[in-house]
Number of protein chains: 6
Amino acid sequence: MALLEKVKIGVFKCGNIGVAPVFELLLDELAERGDLKVRTVTTGSKMGVEDVEEALPKLFDFDPDLMVFISPNPAIPGPAKVREILLERAVPSVVISDGVAKRIKDELGKQGLGYMIIMGDPLIGARREFLDPIEMAIFNSNILKVLAITGVLRILHQEIDRLVAILKEGLLLTLPRLIVDTDVIRDNSDFQNPYAKAKAMAAYELTKKIAEIDTRACFIEKEREKYLPLVACAHEIAQIAAKLAEEAREIEKYSNTLARKPHSKKGEPLSKTKLTLPPTLDEKIYKRWLKTLQP
Amino acid sequence: MALLEKVKIGVFKCGNIGVAPVFELLLDELAERGDLKVRTVTTGSKMGVEDVEEALPKLFDFDPDLMVFISPNPAIPGPAKVREILLERAVPSVVISDGVAKRIKDELGKQGLGYMIIMGDPLIGARREFLDPIEMAIFNSNILKVLAITGVLRILHQEIDRLVAILKEGLLLTLPRLIVDTDVIRDNSDFQNPYAKAKAMAAYELTKKIAEIDTRACFIEKEREKYLPLVACAHEIAQIAAKLAEEAREIEKYSNTLARKPHSKKGEPLSKTKLTLPPTLDEKIYKRWLKTLQP
Amino acid sequence: MALLEKVKIGVFKCGNIGVAPVFELLLDELAERGDLKVRTVTTGSKMGVEDVEEALPKLFDFDPDLMVFISPNPAIPGPAKVREILLERAVPSVVISDGVAKRIKDELGKQGLGYMIIMGDPLIGARREFLDPIEMAIFNSNILKVLAITGVLRILHQEIDRLVAILKEGLLLTLPRLIVDTDVIRDNSDFQNPYAKAKAMAAYELTKKIAEIDTRACFIEKEREKYLPLVACAHEIAQIAAKLAEEAREIEKYSNTLARKPHSKKGEPLSKTKLTLPPTLDEKIYKRWLKTLQP
Amino acid sequence: MALLEKVKIGVFKCGNIGVAPVFELLLDELAERGDLKVRTVTTGSKMGVEDVEEALPKLFDFDPDLMVFISPNPAIPGPAKVREILLERAVPSVVISDGVAKRIKDELGKQGLGYMIIMGDPLIGARREFLDPIEMAIFNSNILKVLAITGVLRILHQEIDRLVAILKEGLLLTLPRLIVDTDVIRDNSDFQNPYAKAKAMAAYELTKKIAEIDTRACFIEKEREKYLPLVACAHEIAQIAAKLAEEAREIEKYSNTLARKPHSKKGEPLSKTKLTLPPTLDEKIYKRWLKTLQP
Amino acid sequence: MALLEKVKIGVFKCGNIGVAPVFELLLDELAERGDLKVRTVTTGSKMGVEDVEEALPKLFDFDPDLMVFISPNPAIPGPAKVREILLERAVPSVVISDGVAKRIKDELGKQGLGYMIIMGDPLIGARREFLDPIEMAIFNSNILKVLAITGVLRILHQEIDRLVAILKEGLLLTLPRLIVDTDVIRDNSDFQNPYAKAKAMAAYELTKKIAEIDTRACFIEKEREKYLPLVACAHEIAQIAAKLAEEAREIEKYSNTLARKPHSKKGEPLSKTKLTLPPTLDEKIYKRWLKTLQP
Amino acid sequence: MALLEKVKIGVFKCGNIGVAPVFELLLDELAERGDLKVRTVTTGSKMGVEDVEEALPKLFDFDPDLMVFISPNPAIPGPAKVREILLERAVPSVVISDGVAKRIKDELGKQGLGYMIIMGDPLIGARREFLDPIEMAIFNSNILKVLAITGVLRILHQEIDRLVAILKEGLLLTLPRLIVDTDVIRDNSDFQNPYAKAKAMAAYELTKKIAEIDTRACFIEKEREKYLPLVACAHEIAQIAAKLAEEAREIEKYSNTLARKPHSKKGEPLSKTKLTLPPTLDEKIYKRWLKTLQP
């Protein structure tokens, strides 16, 4: 393969999950990466087959080197259509989805799609008596905080960073096959303090609990007196989960050991802890990325 | 004009501001509106002229009835190019931007563009020693919470909802010309409790303070010992602003007077307060929307 | 049956669950009931067959009218032996246990035993690297607060109060057959504010999550690096669940609608909300208790 | 004296104080000690002479090597009867009681009874307009948390552990004579951080304040308008004391210096601080226990 | 007596107590009262006889109609000298002091001095290893908050307002003789919510506890290891007391029932609760003030 | 110049700013300095020319070596009169004022007056519908906490301490010319933890925001519906600023690095961090003070 100077990433989103709203921004938080170009097309909260068929093809006009597809529940018709088109186009593709996707992970694997399934990216409390645009935004705010602090977003951007690094080197891509459950959080944490890690894990477990309750409230309970307290209860858990995650991060601030891992202008992984010092190249992680390519 | 059964909204984002990540979701939080179709194209955190020229035209393939353009600082070359293209294409367009845009509001007006300028949508602490993808996501989480609870997102979606209502009726569009500062929050609040409103206003004032500090830290201070404490300080304010906003909302929960205003399937404005009751059509607001059209 | 002036209740505890430590005190919180006599025998944290065989018989020396047996997991040998003895002695008996007991609820029913199975009474993080007497006590403190505020302890004492009322009237006993899950909390709550109820339900759901994590940490994970973060995580959830429950109760204080239901000296159910007023006889509930007896 | 393989402890409780509900569990938090057997008999919240005379003798059927008697105010008739019986039976006995007991500590000493008087184990707000089973349980939850975190429960279990160690070695028993006031907390603390210790001491002082207020509210004030605000005030202090104690413990978590002192299977004192490491035998304390026996 | 158009109040402070720093400001919070003139002379933290003799006489140059003397412990030589001079000068005088003053209240009464003794205005933790200017200021901040919210400052300013009203009418002065203990707080509270009142009372009880601990730490304990944890503990209680008081006030905000009682330009007592409404003349209280004068 | 054994400081206050109420106490927090004598005269909240002319001259009777004048807005007539008198009397004088004073700093300099202008000492929400004595005291409590913790009060007392040291040595006085803005806080902080410093800076920025809002609410907005929410909003910011500052200080407690800098009996600067150790002479700072005098 030829070396790429600038990797083009196409992102397609239909429907919404917690990691979706800021996904592109994770890859280039300072808007200074010279090695990356991102284009996103979304269909808003809708995820019908016709939405997909109309919107997704535009992305290929950008001639992407890598496709990322983000949606809840990739098994239903709209997202299934996305996968179908991705396979037709034969661009290396990664599916990012919520816990519901776990059921079809083998299928995703067989199709040659990479995947990152976020077990703690919960269904929202989608009942009209409860969910208005404000409640929806607050829920996303809370979930985003949990996903950021627990390390889920770190795992996500590093996996894409890894693919970009490989693409730039013209090496062989190994797409991620990742179920991001609490054990992954536990074993891949940036936390120095074990209690901070425990609180972060707790926050993540809480998001899984939200998924469980909202699923019941949205799909099983039929009477308002039954589902309304449940969605309200689930969103209260989202609020407290965000608080708990925040507390975990504060612990690291209190001992000035908070890890920061910005991208360099060239897209390399930098790393630091003490706040007043500059970040330095994290060679260990960079080498690990390229090593995973060797046959 | 002909009546539209389904209004097509094109959203173009380049760079990021606080309201951007969830914007489309605000319009159709339950993904059940039959009167609306949204397509979004974004260029990630980049906002160069070439990004704009490559990406924006795709949106017009969807033949939008209304265009929304979201970016920070619409005066710089990339976003200026967006405005140029929007004017060429002659689709009714609304610019949503941060406080920096206030300087060119007259220009926007003269160009025939609608605008909603969010004074409390602050610049992020974009210093590599500080900002990594996680810090960026947390900042967005905090700002999103403030914008949601203070009522900014309510104002935003209702303005677009209003335009959609007008477009559906085939009436004459009056595009919004709105500077969303604290007085707008004060005078358009859903809060029943005056202390809740005061806390929300306080949270909003804090986001303006963040903008002020981060601008200094990003563009004026040159030495790390000077700007690093400032960006850290600004993000601490973001955290406490989110907490303060949350507290404001809790007050309304405590007296069970929290306003919820979901969209009906037809896209009408619904409204409710007591949690256990269903929302009902908010005829007053709907009529007001259509009345503003009369010559 | 003859009328009883004073009902004698024998309580046997082996091992510990969250409701156990204060159980007797719930029945006579002011130590002024003239219609009740309680004797408890416990074997501490041990629950072996020999412990049971030695300790339980002593209780029958008090000639109890009603037996209450509290332990985790009533299916294992020690508690099973308790059930065996209870059946031999033929005193009306109620088993109070945690979620593990749900599996044998039909068996309990067939044996003619009453039961109250508390789904949100979680296993403790019983790993020696983590659990010392202090951690154990704190965990119990947190769980106790959740069980108290969510209404579980209310359900428990009212069921026993009901049996006492029936025994005093010499009517036919219908022993409770109760799985206390979140729906029971939702449908039997003393909360006036629906957000308070939602928070209480959330707290209860969290205790179920604790059970899930601790079960994994105590019985499935074998390596310290794996189970230690899990037990720490579970106890963090216990802490935040207690906080959430407390917040629920505070809401009711804030509107002066907190329900209080003390026992009268005669053991009747009293009730009040406004703090400065005296409680009055809750005739509705009392009549309901006696009505359930009618054939 | 002969060596004991397994020490049998009889625990008698009448009435309730804060340390009572979990007392036995403190001695064997993991239910794995092979050197200990505990049997408890209680009379619930009642503490009449007849309750004592009926219930206490059962405990001696277990042939205890050591008796622990827990009640409030050991000077009143019921508890005085307990002490009388304990003296008759001539089993080494330790009285655990609240601050009221301080008045008779010399008498206890003369009777040859050991004692641990917990100055910060306060009277509950026992007024029917205020105290119902739920309020009672919450109060116990709060007090339990304070007693656990401040180190009171540590002192308690270590004193009993010491007696067990001596009994196992067949050496001479020296029963504890301990007034657990704030100075004891200060001088026997597991806290590494002096501010954590200060907060813990503050929490303990608050429990003494509760005792003072509740005593006034229960025994001195006669009008509802006077005593009701007082009991409510006292329980608010209990809530904030628990919060303050929790904060103290969090400080130790934040620096990963939280002391944990579980029992080994043989009942030896283990000790650790860093969360991820295993506990090790605390030989210093163990030797100190046995040394105190030497003449 | 002649009517006074403008009442001149001389305030003398030596040493510091919690109510001292803002005392004058309480009388004229908006700096718009036309009926009042205040002059204050203080000797800083010193309270020696020579300080008093030098500084106090200056105040009489202003020809005061009423003297207010604020100091801790008015029995020691410096403050005693103040009282002596006040008696010589024969201007109506009110002593405001802390709980230590209670011992000499009869003497104050016999001397014809008015007094307001604030039982919950505690000694500071005056140990050099602990107290620096910052710690001192923070302590004062916390105590000030408690005294403000619990109603102590209300009682104080209303008593002086009453005297001013009488002086303006030329009627007979009845000087206050007030021991401001928790019962006074309970019986003179502006709180609408009984739990808010209970929390405020709790905060006030905590300040009395601080006094108790600091007295021990400053005057009894001699070794650093003993007194240092005590002063730290006392100041932690001050911090939590302020938090508790703040919580009490928040409750009133949550139901929009917070009482506000500003002075009119003429110095009359105004009153209001709902935030958005203007205050109105509190005639009831004003008449009560003047009525107390009638023989 | 002759050496002074005891430096006499005259303090004149008219009107109130946040640092005023405890100013003298900062200089002698333990009331044990032998090298200092302070006399203060104030006119309460009033700051008219006649108040000044009557009250200020009394201070000169004490024959002060140094004058400190504290008031808001030193440009208006009353305070201007103070400056005029100070210049006539030719005693070295330092003006301490709020941000409004910045406008006349050059004038102050030309007049030969020292100054310390506290940019974060905000105007109170002086609207009669909002501000009563209690609200005023609470505001002062909050601002005092921020000024103490952020380091403003440290800077203040050390500057006066420096002048006292110079006066005692009979050296040449260089009066302070200080604008205490956030950069001064940043560069002169006692905080060890950079996140604590960031939070403190944030708290200070918030007080500047309060000033901005209250200025608008008090002087620009004319209608109650407009200014009332603004003053309420400003005081909410004061409350949260105090909380944020407190959090900053807690961080230092958590790592036992909190700086304490008491005065010795001789008025020397002492210093310490670890709580359990005694303070020692801070020679570095003392020498720096005296060195600044050298030509």
# chains A, B, ... in the order shown; residues from 1 in each chain; ligands from 1
$ select_by_dssp --residues "range 6-182 of chain B" --states "strand (DSSP E)" --output "number ranges by chain"
B: 7-13, 36-42, 66-70, 93-98, 114-118, 177-180
$ write_last_selection --atoms "N, CA, C and O atoms" --output "compact mmCIF listing (two decimals), in the first residue's frame"
# COMPACT_ATOMS: atom_id res chain seq x y z
N VAL B 7 -40.92 19.23 5.70
CA VAL B 7 -39.91 20.27 5.51
C VAL B 7 -38.51 19.64 5.58
O VAL B 7 -38.21 18.88 6.50
N LYS B 8 -37.69 19.97 4.59
CA LYS B 8 -36.33 19.44 4.56
C LYS B 8 -35.34 20.49 5.09
O LYS B 8 -35.27 21.59 4.55
N ILE B 9 -34.64 20.12 6.12
CA ILE B 9 -33.68 21.06 6.71
C ILE B 9 -32.26 20.55 6.48
O ILE B 9 -31.95 19.39 6.78
N GLY B 10 -31.45 21.40 5.90
CA GLY B 10 -30.04 21.07 5.75
C GLY B 10 -29.25 21.76 6.85
O GLY B 10 -29.44 22.95 7.10
N VAL B 11 -28.40 21.02 7.53
CA VAL B 11 -27.59 21.60 8.60
C VAL B 11 -26.13 21.47 8.22
O VAL B 11 -25.66 20.37 7.90
N PHE B 12 -25.42 22.57 8.22
CA PHE B 12 -23.99 22.50 7.95
C PHE B 12 -23.23 23.00 9.17
O PHE B 12 -23.50 24.07 9.70
N LYS B 13 -22.29 22.17 9.63
CA LYS B 13 -21.48 22.55 10.79
C LYS B 13 -20.01 22.52 10.39
O LYS B 13 -19.54 21.54 9.83
N LEU B 36 -40.85 16.42 9.04
CA LEU B 36 -39.51 16.98 9.06
C LEU B 36 -38.50 15.97 8.54
O LEU B 36 -38.59 14.78 8.82
N LYS B 37 -37.53 16.45 7.83
CA LYS B 37 -36.42 15.61 7.40
C LYS B 37 -35.16 16.44 7.56
O LYS B 37 -35.11 17.57 7.10
N VAL B 38 -34.19 15.90 8.25
CA VAL B 38 -32.98 16.66 8.51
C VAL B 38 -31.78 15.94 7.92
O VAL B 38 -31.66 14.71 8.01
N ARG B 39 -30.93 16.67 7.25
CA ARG B 39 -29.65 16.12 6.78
C ARG B 39 -28.55 17.05 7.27
O ARG B 39 -28.66 18.27 7.11
N THR B 40 -27.51 16.48 7.81
CA THR B 40 -26.40 17.28 8.30
C THR B 40 -25.11 16.87 7.63
O THR B 40 -24.87 15.68 7.41
N VAL B 41 -24.31 17.86 7.29
CA VAL B 41 -22.95 17.59 6.83
C VAL B 41 -22.02 18.42 7.69
O VAL B 41 -22.30 19.58 7.96
N THR B 42 -20.94 17.78 8.16
CA THR B 42 -19.98 18.54 8.96
C THR B 42 -18.56 18.23 8.50
O THR B 42 -18.30 17.20 7.87
N LEU B 66 -34.78 24.78 4.03
CA LEU B 66 -34.23 25.69 5.02
C LEU B 66 -32.81 25.22 5.33
O LEU B 66 -32.57 24.03 5.46
N MET B 67 -31.90 26.18 5.43
CA MET B 67 -30.53 25.80 5.78
C MET B 67 -30.18 26.39 7.15
O MET B 67 -30.53 27.53 7.46
N VAL B 68 -29.48 25.57 7.95
CA VAL B 68 -28.97 26.07 9.22
C VAL B 68 -27.45 25.90 9.20
O VAL B 68 -26.95 24.83 8.87
N PHE B 69 -26.77 26.94 9.52
CA PHE B 69 -25.31 26.89 9.50
C PHE B 69 -24.80 27.20 10.91
O PHE B 69 -25.10 28.24 11.48
N ILE B 70 -24.03 26.24 11.42
CA ILE B 70 -23.55 26.39 12.80
C ILE B 70 -22.04 26.39 12.81
O ILE B 70 -21.39 25.44 12.35
N SER B 93 -31.79 30.84 5.12
CA SER B 93 -30.71 30.31 5.95
C SER B 93 -30.63 31.02 7.29
O SER B 93 -30.81 32.24 7.38
N VAL B 94 -30.31 30.23 8.30
CA VAL B 94 -30.13 30.76 9.65
C VAL B 94 -28.73 30.42 10.12
O VAL B 94 -28.31 29.26 10.07
N VAL B 95 -28.01 31.42 10.58
CA VAL B 95 -26.67 31.21 11.14
C VAL B 95 -26.79 31.10 12.65
O VAL B 95 -27.41 31.96 13.28
N ILE B 96 -26.23 30.04 13.20
CA ILE B 96 -26.18 29.91 14.67
C ILE B 96 -24.71 29.98 15.06
O ILE B 96 -23.90 29.21 14.56
N SER B 97 -24.40 30.92 15.94
CA SER B 97 -22.99 31.08 16.26
C SER B 97 -22.80 31.58 17.68
O SER B 97 -23.76 31.78 18.42
N ASP B 98 -21.53 31.76 18.07
CA ASP B 98 -21.22 32.19 19.43
C ASP B 98 -21.06 33.70 19.51
O ASP B 98 -21.26 34.41 18.54
N GLY B 114 -30.87 34.87 8.53
CA GLY B 114 -31.32 34.87 9.91
C GLY B 114 -30.15 34.55 10.81
O GLY B 114 -29.14 34.00 10.35
N TYR B 115 -30.26 34.89 12.08
CA TYR B 115 -29.17 34.49 12.98
C TYR B 115 -29.66 34.30 14.40
O TYR B 115 -30.64 34.92 14.81
N MET B 116 -28.99 33.40 15.09
CA MET B 116 -29.19 33.25 16.52
C MET B 116 -27.79 33.19 17.11
O MET B 116 -27.06 32.22 16.93
N ILE B 117 -27.43 34.26 17.80
CA ILE B 117 -26.08 34.38 18.35
C ILE B 117 -26.13 34.11 19.84
O ILE B 117 -26.79 34.82 20.59
N ILE B 118 -25.44 33.04 20.23
CA ILE B 118 -25.52 32.56 21.62
C ILE B 118 -24.36 33.18 22.40
O ILE B 118 -23.24 32.66 22.36
N ARG B 177 -33.67 36.99 14.15
CA ARG B 177 -32.53 37.88 14.35
C ARG B 177 -32.37 38.01 15.85
O ARG B 177 -32.97 38.89 16.48
N LEU B 178 -31.60 37.13 16.44
CA LEU B 178 -31.64 36.96 17.89
C LEU B 178 -30.24 36.96 18.50
O LEU B 178 -29.39 36.17 18.10
N ILE B 179 -30.03 37.86 19.45
CA ILE B 179 -28.81 37.80 20.28
C ILE B 179 -29.23 37.19 21.60
O ILE B 179 -29.93 37.84 22.39
N VAL B 180 -28.84 35.94 21.85
CA VAL B 180 -29.30 35.27 23.07
C VAL B 180 -28.38 35.60 24.24
O VAL B 180 -27.43 34.89 24.53
$ residues_around --residues "range 132-143 of chain D" --least-positions-apart "2" --cutoff "7 Å" --atoms "only C-alpha atoms" --output "MDAnalysis selection string"
(chainID C and resid 22 26 29 141:142 144:145 148:149 153:154 260:262) or (chainID D and resid 18 130 145:147 235 238:239 242)
$ interface_residues --of "chain E" --to "chain C" --cutoff "10 Å" --atoms "only C-alpha atoms" --output "PyMOL selection string"
chain E and resi 192-196+248+250-255
$ residues_around --residues "Cys218 in chain E" --least-positions-apart "2" --cutoff "8 Å" --atoms "only C-alpha atoms" --output "list in words"
Gly125, Ala126, Arg127, Asp214, Thr215, Arg216, Ile220, Glu221 and Tyr227 of chain E
$ residues_around --residues "Ile213 in chain F" --least-positions-apart "5" --cutoff "10 Å" --atoms "only C-alpha atoms" --output "PyMOL selection string"
(chain B and resi 202+205) or (chain F and resi 122-125+207-208+218+227+230-235+237)
$ closest_residue --among "A:Lys46, A:Arg83, A:Lys291, A:Arg249" --to "Ala31 in chain B" --atoms "only C-alpha atoms"
A:Lys46
$ select_by_dssp --residues "range 117-265 of chain D" --states "helix (DSSP H, G or I)" --output "PyMOL selection string"
chain D and resi 133-150+152-169+182-187+194-220+224-254
$ residues_around --residues "Arg33 in chain C" --least-positions-apart "5" --cutoff "12 Å" --atoms "only C-alpha atoms" --output "VMD selection string"
(chain C and resid 5 to 7 25 to 28 38 161 164 262 to 269) or (chain D and resid 44 to 46 128)
